[in-house]
Amino acid sequence: MSTLNNKIKTIHFLTDGGLETDLIFNKNIDLPHFAAFPLVEDPDLINILKDYYKAYMNIAKHHKTGFILESPTWRANPDWGFKLGYTKTDLIEVNKLAINKLKELKMLYAQDINDILVCGQIGPRGDGYEVGKAMTAVQSNEYHHLQIKAFGEAGVDLVSAITMTYTDEALGIVECAKSNGLPVVISFTVETDGNLPSGKSLKYAIEKIDAKTNKYPSYYMINCAHPSHFVKQLSENQNWRNRIKGVRANASCKSHTELDQSTTLDTGNKEDLAKWYNTLKTLLPGLSIYGGCCGTDATHIESICNRILN
């Protein structure tokens with residue numbers, strides 16, 4: 001873990017954008033239950049998925065940054081997997097396959113990008129926009145063990161939990177990763193008021209997890225929200241802000257409810273989003289990881305890089 005922490009302190013990393021929204025709206029691929037992970041098993045679609053990642057890796061190559069390859073496994077947990085007809089054994093295998101496909105991409109770009117990290121991505125048990133039926137940290141640990149263990153066996157560099165809506169689910173994931181000896185990153189989503197869907201603040205969530213786990217997470221991120229939604233939360237100069245190293249923002253300024261009801265893709269304003277990232281860079285001294293979420297594609301990340309890295 002110390003190696004990972006040292007890397008993110010010394011160089012910039014890029015990651016990808018809004019995978020699911022890009023596949024659905026830009027590439028016309030049907031994703032039942034918003035799940036992208038079945039594509040790694042589909043010989044007709046796997047190359048589309050690889051090309052998706054390559055577009056971002058080419059940006060990292062051009063700007064001479066590192067790259068974090070996040071697996072398309074946000075929905076590859078038992079509840080969502082069962083809805084798609086997967087058994088637990090199936091899910092273990094598809095999570096491992098996803099990591100192996102990313103390792104192939106890593107090898108392809110090994111001469112062009114100095115630092116490439118393969119990351120096993122976990123999503124929330126419920127919907128990414130609301131808490132729903134909350135788990136205790138113990139229950140979360142048990143529930144997410146399937147994916148985390150599979151990622152460990154597949155040899156990931158780290159695990160990320162993306163779009164976390166409440167503290168205890170994130171805490172359980174951290175404790176599970178810790179027991180499996182894996183570096184872990186927690187990324188919270190927020191509503192338009194800057195608070196988690198649970199109503200708790202980013203400050204509360206980060207400080208609680210750090211206190212309970214002796215600061216085990218390698219770092220924290222914010223995703224699936226426009227920067228205008230959470231910038232005020234970052235205005236006070238407090239130590240917890242230094243734990244936020246990455247942002248994967250939405251292109252749209254719309255609320256989660258509005259996005260959930262939308263039948264068209266809101267790609268926002270790319271240049272304006274890049275300006276927001278530049279603002280975040282001044283508020284978050286440790287910010288070094290840049291990506292996107294709903295509505296973003298590789299052109300958004302290119303605009304962000306042109307604004308903050310040149």
# chains A, B, ... in the order shown; residues from 1 in each chain; ligands from 1
>>> closest_atom_pairs(of="stretch 148-181 of chain A", to="stretch 76-98 of chain A", cutoff="8 Å", atoms="only C-alpha atoms", output="Markdown table")
| residue | atom | partner | partner_atom | distance |
| --- | --- | --- | --- | --- |
| A:Ala150 | CA | A:Ile92 | CA | 5.7 |
| A:Phe151 | CA | A:Lys96 | CA | 6.3 |
| A:Glu153 | CA | A:Lys96 | CA | 7.7 |
| A:Ala154 | CA | A:Lys96 | CA | 5.4 |
>>> write_last_selection(atoms="C-alpha atoms", output="CSV table (one decimal), in the first residue's frame")
chain,number,residue,atom,x,y,z
A,150,ALA,CA,-12.1,-12.8,-6.6
A,151,PHE,CA,-10.2,-9.6,-7.2
A,153,GLU,CA,-7.2,-14.0,-6.5
A,154,ALA,CA,-7.0,-12.3,-9.9
>>> residues_around(residues="A:Leu259", least_positions_apart="5", cutoff="10 Å", atoms="only C-alpha atoms", output="list in words")
Tyr129, Ser252, Cys253, Lys254, Thr264, Leu265, Asp266, Cys294 and Gly295 of chain A
>>> write_last_selection(atoms="C-alpha atoms", output="tab-separated table (two decimals), in the first residue's frame")
chain	number	residue	atom	x	y	z
A	129	TYR	CA	-28.66	7.05	-6.40
A	252	SER	CA	-24.60	17.16	-16.12
A	253	CYS	CA	-25.65	19.56	-13.37
A	254	LYS	CA	-28.91	17.62	-12.96
A	264	THR	CA	-31.55	11.28	-23.31
A	265	LEU	CA	-27.89	11.80	-22.50
A	266	ASP	CA	-26.88	15.11	-20.95
A	294	CYS	CA	-22.43	9.78	-16.10
A	295	GLY	CA	-22.56	11.64	-19.41
>>> residues_around(residues="stretch 135-146 of chain A", least_positions_apart="2", cutoff="7 Å", atoms="only C-alpha atoms", output="count of residues only")
12
>>> closest_residue(among="A:Thr257, A:Thr65, A:Asn26, A:Thr73", to="A:Ile48", atoms="only C-alpha atoms")
A:Asn26
>>> select_by_dssp(residues="stretch 115-171 of chain A", states="alpha helix (DSSP H)", output="PyMOL selection string")
chain A and resi 137-143+145-154+167-171
>>> write_last_selection(atoms="N, CA and C atoms", output="PDB file, in the first residue's frame")
ATOM      1  N   ALA A 137     -22.035  -2.429   8.809  1.00  0.00           N
ATOM      2  CA  ALA A 137     -20.698  -2.648   8.275  1.00  0.00           C
ATOM      3  C   ALA A 137     -20.359  -4.137   8.213  1.00  0.00           C
ATOM      4  N   VAL A 138     -20.815  -4.888   9.194  1.00  0.00           N
ATOM      5  CA  VAL A 138     -20.570  -6.344   9.214  1.00  0.00           C
ATOM      6  C   VAL A 138     -21.267  -7.012   8.041  1.00  0.00           C
ATOM      7  N   GLN A 139     -22.512  -6.642   7.805  1.00  0.00           N
ATOM      8  CA  GLN A 139     -23.258  -7.213   6.685  1.00  0.00           C
ATOM      9  C   GLN A 139     -22.622  -6.844   5.350  1.00  0.00           C
ATOM     10  N   SER A 140     -22.153  -5.612   5.236  1.00  0.00           N
ATOM     11  CA  SER A 140     -21.487  -5.172   4.011  1.00  0.00           C
ATOM     12  C   SER A 140     -20.204  -5.960   3.773  1.00  0.00           C
ATOM     13  N   ASN A 141     -19.441  -6.171   4.817  1.00  0.00           N
ATOM     14  CA  ASN A 141     -18.215  -6.970   4.735  1.00  0.00           C
ATOM     15  C   ASN A 141     -18.521  -8.344   4.162  1.00  0.00           C
ATOM     16  N   GLU A 142     -19.532  -8.992   4.684  1.00  0.00           N
ATOM     17  CA  GLU A 142     -19.908 -10.331   4.232  1.00  0.00           C
ATOM     18  C   GLU A 142     -20.421 -10.310   2.799  1.00  0.00           C
ATOM     19  N   TYR A 143     -21.238  -9.312   2.476  1.00  0.00           N
ATOM     20  CA  TYR A 143     -21.861  -9.257   1.155  1.00  0.00           C
ATOM     21  C   TYR A 143     -20.828  -9.043   0.049  1.00  0.00           C
ATOM     22  N   HIS A 145     -17.683  -9.646   0.056  1.00  0.00           N
ATOM     23  CA  HIS A 145     -16.525 -10.537   0.118  1.00  0.00           C
ATOM     24  C   HIS A 145     -16.324 -11.292  -1.193  1.00  0.00           C
ATOM     25  N   LEU A 146     -17.407 -11.673  -1.860  1.00  0.00           N
ATOM     26  CA  LEU A 146     -17.299 -12.459  -3.105  1.00  0.00           C
ATOM     27  C   LEU A 146     -16.446 -11.724  -4.130  1.00  0.00           C
ATOM     28  N   GLN A 147     -16.775 -10.466  -4.379  1.00  0.00           N
ATOM     29  CA  GLN A 147     -16.016  -9.713  -5.376  1.00  0.00           C
ATOM     30  C   GLN A 147     -14.594  -9.421  -4.919  1.00  0.00           C
ATOM     31  N   ILE A 148     -14.444  -9.010  -3.679  1.00  0.00           N
ATOM     32  CA  ILE A 148     -13.118  -8.643  -3.191  1.00  0.00           C
ATOM     33  C   ILE A 148     -12.170  -9.838  -3.201  1.00  0.00           C
ATOM     34  N   LYS A 149     -12.666 -10.996  -2.789  1.00  0.00           N
ATOM     35  CA  LYS A 149     -11.835 -12.204  -2.809  1.00  0.00           C
ATOM     36  C   LYS A 149     -11.453 -12.568  -4.248  1.00  0.00           C
ATOM     37  N   ALA A 150     -12.417 -12.456  -5.174  1.00  0.00           N
ATOM     38  CA  ALA A 150     -12.137 -12.751  -6.580  1.00  0.00           C
ATOM     39  C   ALA A 150     -11.086 -11.801  -7.140  1.00  0.00           C
ATOM     40  N   PHE A 151     -11.188 -10.528  -6.783  1.00  0.00           N
ATOM     41  CA  PHE A 151     -10.202  -9.559  -7.250  1.00  0.00           C
ATOM     42  C   PHE A 151      -8.813  -9.879  -6.702  1.00  0.00           C
ATOM     43  N   GLY A 152      -8.762 -10.265  -5.431  1.00  0.00           N
ATOM     44  CA  GLY A 152      -7.486 -10.623  -4.841  1.00  0.00           C
ATOM     45  C   GLY A 152      -6.850 -11.802  -5.551  1.00  0.00           C
ATOM     46  N   GLU A 153      -7.662 -12.810  -5.846  1.00  0.00           N
ATOM     47  CA  GLU A 153      -7.151 -14.000  -6.526  1.00  0.00           C
ATOM     48  C   GLU A 153      -6.735 -13.691  -7.962  1.00  0.00           C
ATOM     49  N   ALA A 154      -7.365 -12.668  -8.567  1.00  0.00           N
ATOM     50  CA  ALA A 154      -7.020 -12.285  -9.938  1.00  0.00           C
ATOM     51  C   ALA A 154      -5.789 -11.390  -9.990  1.00  0.00           C
ATOM     52  N   THR A 167     -22.289   5.480   4.796  1.00  0.00           N
ATOM     53  CA  THR A 167     -20.991   5.200   5.410  1.00  0.00           C
ATOM     54  C   THR A 167     -20.772   3.731   5.732  1.00  0.00           C
ATOM     55  N   ASP A 168     -21.769   3.055   6.296  1.00  0.00           N
ATOM     56  CA  ASP A 168     -21.540   1.692   6.775  1.00  0.00           C
ATOM     57  C   ASP A 168     -21.240   0.708   5.651  1.00  0.00           C
ATOM     58  N   GLU A 169     -21.866   0.877   4.490  1.00  0.00           N
ATOM     59  CA  GLU A 169     -21.529  -0.024   3.389  1.00  0.00           C
ATOM     60  C   GLU A 169     -20.071   0.184   2.986  1.00  0.00           C
ATOM     61  N   ALA A 170     -19.644   1.427   2.900  1.00  0.00           N
ATOM     62  CA  ALA A 170     -18.254   1.715   2.565  1.00  0.00           C
ATOM     63  C   ALA A 170     -17.299   1.173   3.620  1.00  0.00           C
ATOM     64  N   LEU A 171     -17.666   1.316   4.881  1.00  0.00           N
ATOM     65  CA  LEU A 171     -16.830   0.828   5.980  1.00  0.00           C
ATOM     66  C   LEU A 171     -16.664  -0.688   5.896  1.00  0.00           C
TER      67      LEU A 171
END
>>> atom_distance(atom1="atom CA of A:Phe230", atom2="atom CA of A:Ala161")
19.0 Å
